[in-house]
Structures are given as C-alpha cells and as structure tokens.
There are 2 protein chains.
Amino acid sequence: MTTGKQLFTTLEADGTLTVAIEEVTAPEPKGNQVLVKMEAAPINPSDLAILTGAADMDNADYGPGKFVANMPEPFNSGSRARHGQKLPAGNEGAGTVVATGDSDMAKALDGQRVACVPGNAYSQYCIADAAMCLPLGDHSAEAGAGSFVNPLTALGFVETARMEGHDAIIHAAAASNLGQMLGRICRADGMGLVNIVRRDEQVELLRGQGAEHVVNSAADDFMGQLTSAIDATGAFLGFDPIGGGRTTDICLQAMERVAASRMTEYSRYGSNHPKKMYIYGRLSPGETVLTPSYGFAWTVSGWLLTPFMEHAGLEVVGRMRQRVVDELTTTFASHYKEKVSLEGMLTRDAMLDYSRMATGEKYLVVP
Amino acid sequence: MTTGKQLFTTLEADGTLTVAIEEVTAPEPKGNQVLVKMEAAPINPSDLAILTGAADMDNADYGPGKFVANMPEPFNSGSRARHGQKLPAGNEGAGTVVATGDSDMAKALDGQRVACVPGNAYSQYCIADAAMCLPLGDHSAEAGAGSFVNPLTALGFVETARMEGHDAIIHAAAASNLGQMLGRICRADGMGLVNIVRRDEQVELLRGQGAEHVVNSAADDFMGQLTSAIDATGAFLGFDPIGGGRTTDICLQAMERVAASRMTEYSRYGSNHPKKMYIYGRLSPGETVLTPSYGFAWTVSGWLLTPFMEHAGLEVVGRMRQRVVDELTTTFASHYKEKVSLEGMLTRDAMLDYSRMATGEKYLVVP
C-alpha cells in the first residue's frame, strides 16, 4: 500500500472554506490506469476556482497545512452544489509512473515520466488514465507539468475559430501564460490576433514576442485602438477569460462599430454581421454586463476545454496533443515565479500572491 | 402623381428626436413593385424602437402632427448611426393595391387587398414587393395588418427550436400578442412551452387559453415555479423580448438548477447540459446582466426575424407564410385597444399609452 499527502478543499453550507492536507492511501491502478508519483503541478486559474474562489483571503486562518476562510455571498450560495463535499484539487501535473494496471497501454508507461490530468494533482500520488497521459521523454516534470490546460485551450481557440469560419480572433488578458502561447500559435498558423492587455509593460512584452496588434485597455483611446485592430484583422470572434464586468461587451461594441462603418444604410436592428464572444474563465467573479448597442447579430457563450474536445473529435484532439509534445519547450513553454511544496501552497504569503492571478506570476507545486 | 401623408422620425446628434407627418409623392411602382393604399398598420415594439425608443416622453412637445423629445444618454450615443437621417417607420400593414409594376406577379395583385412589409407603413401610400405581399382575400385590413412580424416571429421560434433539437421552450413576457400566438402554435404542434408572465391576471388569461405551464415572475416562489416547469418540460432554450435586466439570467439559472439536480457528481464548471437564451426584443432598454452561476455550457444570442428567414430558406419560409394565411383569424388573430389616424398617433395621450408597450394594449394606425 502506497500512502502520501493529498490536498482537499471543502465548502460548508455556512460559507466556511477549508483547504487542508491529509495523508491518504493511493488506490491500486486497475485496467488502463497508472499510478503516478507526482513531481510538479501548476496552479492554474481553473484550479483556484475551487481552491480559493472568491473567499475572503485577507481575514483567513493560515495554519500549518490548513487554510480556513469565509466564502461571501452570493458566491457561497452560487456554489451550493459542492456544499459539504470534500473535493480533490489540481487539474494537471507531471511525474513518474510507479505502478500500472494490466492493460498493454498502461504497462507501456511503467517507469516513464508523463504529463497527466488526474484532477487531484496536488497529491504525492495520483491515479491517471493511460490514454490521457503524455509521455515526456527527456523533458523535466516542470516542463511537462502544464501540458494540458493552457496548451490545449490555446489550440482549442484556433480550432474553434477555424470551425466557425474565422481567420482572426480577439483575446483578452492576452499577456497571460495562455495568451503568450496563443500568440505563438497564431503567428505560426496565420490566424489574425488582437491582443488586449491592461498595462504598457504588457504591450511591450507581447510586441517583443512579435505580436502585431496589442491594445491597452487602460489607454485613453482604447476603444479607438480596439476598433482599428478589429478593422485591420477582421476579428469578429473573441475569447474572454475575465468573464465579469465589461470586457466582452466592449469587444462586441467595437466589432459593431467596424461592421456599422461598412453598412451603406442605417438599420434600427444594428448590423447583420455576426459578432461572437466566448467567456472561458472567471478571472473576475462579478456579473457580466451587456449593453443594448450591437443589434441582434451577436452571441455570447461559455467555452470549456473538455466539451470542446468531445465536440472536436479524436482526430483533432490527437493532432493537438501531438503538437503539444512536439513544441513543449518552444510554443508551449511555461515560466513559473515560485515553486512550493503542498504545505508551502497553504502559507499566507503564497496564497495571497497566487490568488491574485497576476500575469506572469504562476506557481508550480512540487508535491 | 399620387400624393399622401407619411410619418418620419429623425434623431439629431444633439439628442433631439422629431417624429412628424409630411406630404410626400408616392413613387411609381416598377417591375415587381405594387403601390398599396394603406388601410391599417399595427404599432409593434420593433416600430417603437425608432418612433420613441428611450426618449423622454414626459417632457416632450406634442404639437399637431409633430412630436419633439430628448433622447437621453447612453441611448443617444448608442444610436449615432442614425443621427441626422430622416427615417420612415412602420414595418408592416395592409391595404389595397392601386397600381402595379409591369411584372406578372405584380399585375396579378392589382385591386386586391394585401398584407405587406414596406418599412414605411405609417403612410397613406406605400411601395411594396409583390413577392412579399400576402393576398388577404375576404379578410379585413385590420385582420391582415399584423400578418408578418408577430406571426412569423412566433413560428420562427418553433422552427428555431426544432432546428436546434429542442422539444420545449421558455417564453418571457408571454401574455403579449406574440406570446398568445406562440401558445396556440405550441399547443397545435406539440412543442412544450413555459410561459413567464408578471401578473396574476396574465396567469389566468393564458391558463384560460389552455396553457399548461405559466409562472408569475412577481410570485415569491417564482424561481421554484420556473425550475419545476423546466424540469417538467425539458425547456433548455428560451426567448426573451425584454433584453435589459435579469430575465435571461434567471432563465439560465433555473435551467442550471434542473441540470445540476440531474448530475451525479459535483463539477466546478457547472453542468454540461447546454442552456440557451435568445434575446429578440428590447422591451427594457437597460443592460443585460449575467451572473456567473451556470458554468460554461450556456449561450445568449440575439434573434431577429429577417436573418432567421434567410438562414431557414425559402421552403421553410413558404410553409410559415402559408400557415399565416390559413390561420389568420384563429392562431394569428390580433386584438387592438385603439385605432388612431396618423395625426392621432402623435397625440400625447396615445404616445404615452402605446410607448408603455403594455400587454394587450396594442394600437392600430389607420392612415
């Protein structure tokens, strides 16, 4: 029996959020499963949703190996479906296969370093599906830890755009780890890209990487810059990881300005040019606000990796996975600000830092 | 040369909205055009968008044959595309063909009473496309005046639902003229329907017409009623004519409650069950607010009749038009509170009344 530490997060009905480390026994891998000794797991925004979410971080208790905070309303009620459940955390990570089930696919991975998506990656040992593992060859666990969420999401945006007939997209919060990957993919694939960032340094960062269209949402002429970039690229599809607030609305407004400028006569219904924004994250947990200023030819929709992959099918997903392996240290390279142990994840300094989800300040957990 | 009165609406850049009657010369009908002496034209919410919109009705000038009001911000800026343009008004109406172009289709309509969609129906004479006219036979102009907008929109909802694989829909503001038509269509066609209304009398009205699921948004247990009705019908697609505010959000929340209640384990991403709302009107000109409480499997989109018909194709639209003619005085019967002349349209009493868009208080213009 293999035992090891694992992190769990529990939200009670009264709004008490507890994140704590426990000693657990790893299950025996069966069939197509492998047991992975985890070496590295990134903290992505999607992980933070259940680790900290909208909890009151300033007034929390940060004990050794245990974090307790209050989840304010309306977020506590909004999470009623998880009340009382002790949930694992950590979508993805990398480590070494130390035991396998009896399928040939599982046995072939024995002893190899792999990237995996176990859903409980903040653990010393994880059970993973061999079919989902990416063998990392000579790559380090750190290089492979983030092989799924950001790379496949960025590739998924470009696939989505192509499936829907677009050759240019808008991306908000574009200086993120994912945004930089997306920029490299778009440049390689000839997909037009309008990057929205919120600071001058981020404009410089992306320009330095070769980005052509970078607009700063803090600039006085942001709307003018955004409209010009949409006009130049023809980007009428966008991806917004912020969710709350007005980012999606502003993109639709700017798209409509471009579409309206191309109309020969006025219509009370706005332009007929389809305008679409996907919300794929919740960097801001607030409400999404949409103004009635872009007619009726618009769509706002959620975007999530797993349903997208199911929709795209095995061939497309296989091609995406192969590209991640081939370009792991180039297109899909990630940089981490800090490495922390499971206990280190729960210190006040670390939690206050990574829960801000600041651009370029990603944490790596080394269980 | 035929001359007659016509109503025009003009919004200046400074926010001055002027609606006035002018004497104009009707063009000669050419080719497939017909000249219709208009006898009746309804005032639909979509007409009000450019007639009054969000103008300050209380402090307006109501002169004989002329209305002048201020359009407040942000609505004035939002309408910048029409600034300075004198626009006709009145989507649809009915009257008698008094002259035709030289095409066979146009000539065949000579002397007939027809319903038409000229876009300037608040006129004594209109040019209309013969291909779009519906011959009314023995029906009155009043019976045929509203043959397009509401009937085809209601039929379009059911067609949209079928195309997207749904067998039940939600409709907000369901006691409207359009909502009552939709109820009759859904009952005839076996499409499940959840009606949302806002007063007890409207619950009674729709129940009296045979509606099975009617929920009152003013009731204390509205959310519970709505959730139960979605659970009973499986309605994960809805149509919202209100647009501003929280109607669309509440429908998505209720859909998610039903979907979540059917899940066997918690997901931080919400249910995977697709949830979709179409906004097809702007009874409320405010902002649409969406809460982050239904995961990522959701879509909100604008819906508009003309692009829908282009998308649906000639065969579907032909079937829809035939059904309108066949069921004009049953399924598609409209009731009008008042009949007014062109001058009568612009009186203070009439404008304050119809601009409220109150349920069951539709006006008919008799030019």
# chains A, B, ... in the order shown; residues from 1 in each chain; ligands from 1
>>> interface_residues(of="chain A", to="chain B", cutoff="7 Å", atoms="only C-alpha atoms", output="list of chain:residue names")
A:Ile50, A:Gly78, A:Ala81, A:Arg82, A:Tyr266, A:Arg268, A:Pro285, A:Glu287, A:Thr288, A:Val289, A:Leu290, A:Thr291, A:Pro292, A:Ser293, A:Phe296, A:Ala297, A:Trp298, A:Thr299, A:Val300, A:Ser301, A:Gly302, A:Trp303, A:Leu304
>>> residues_around(residues="Leu109 in chain A", least_positions_apart="5", cutoff="10 Å", atoms="only C-alpha atoms", output="list in words")
Val34, Thr96, Val97, Val98, Ala99, Thr100, Asp104, Val114, Ala130, Cys133, Leu134 and Pro135 of chain A
>>> write_last_selection(atoms="C-alpha atoms", output="CSV table (one decimal), in the first residue's frame")
chain,number,residue,atom,x,y,z
A,34,VAL,CA,-1.4,4.1,-13.9
A,96,THR,CA,6.8,9.2,-12.9
A,97,VAL,CA,4.7,6.1,-13.4
A,98,VAL,CA,5.4,3.8,-10.4
A,99,ALA,CA,2.7,1.2,-10.9
A,100,THR,CA,0.2,0.3,-13.7
A,104,ASP,CA,-0.9,-3.1,-22.5
A,114,VAL,CA,4.4,11.5,-18.0
A,130,ALA,CA,-3.1,5.9,-19.5
A,133,CYS,CA,-1.1,10.6,-20.4
A,134,LEU,CA,1.6,12.3,-22.5
A,135,PRO,CA,5.0,10.5,-22.2
>>> residues_around(residues="Ala218 in chain B", least_positions_apart="3", cutoff="12 Å", atoms="only C-alpha atoms", output="ChimeraX atom specification")
/B:196-203,215,221-223,225-226
>>> residues_around(residues="Pro29 in chain B", least_positions_apart="5", cutoff="12 Å", atoms="only C-alpha atoms", output="ChimeraX atom specification")
/B:1-2,34-36,97-103,106-107,110,125-130
>>> closest_residue(among="A:Gly360, A:Gly234, A:Pro151, A:Gly313", to="Ala333 in chain A", atoms="only C-alpha atoms")
A:Pro151
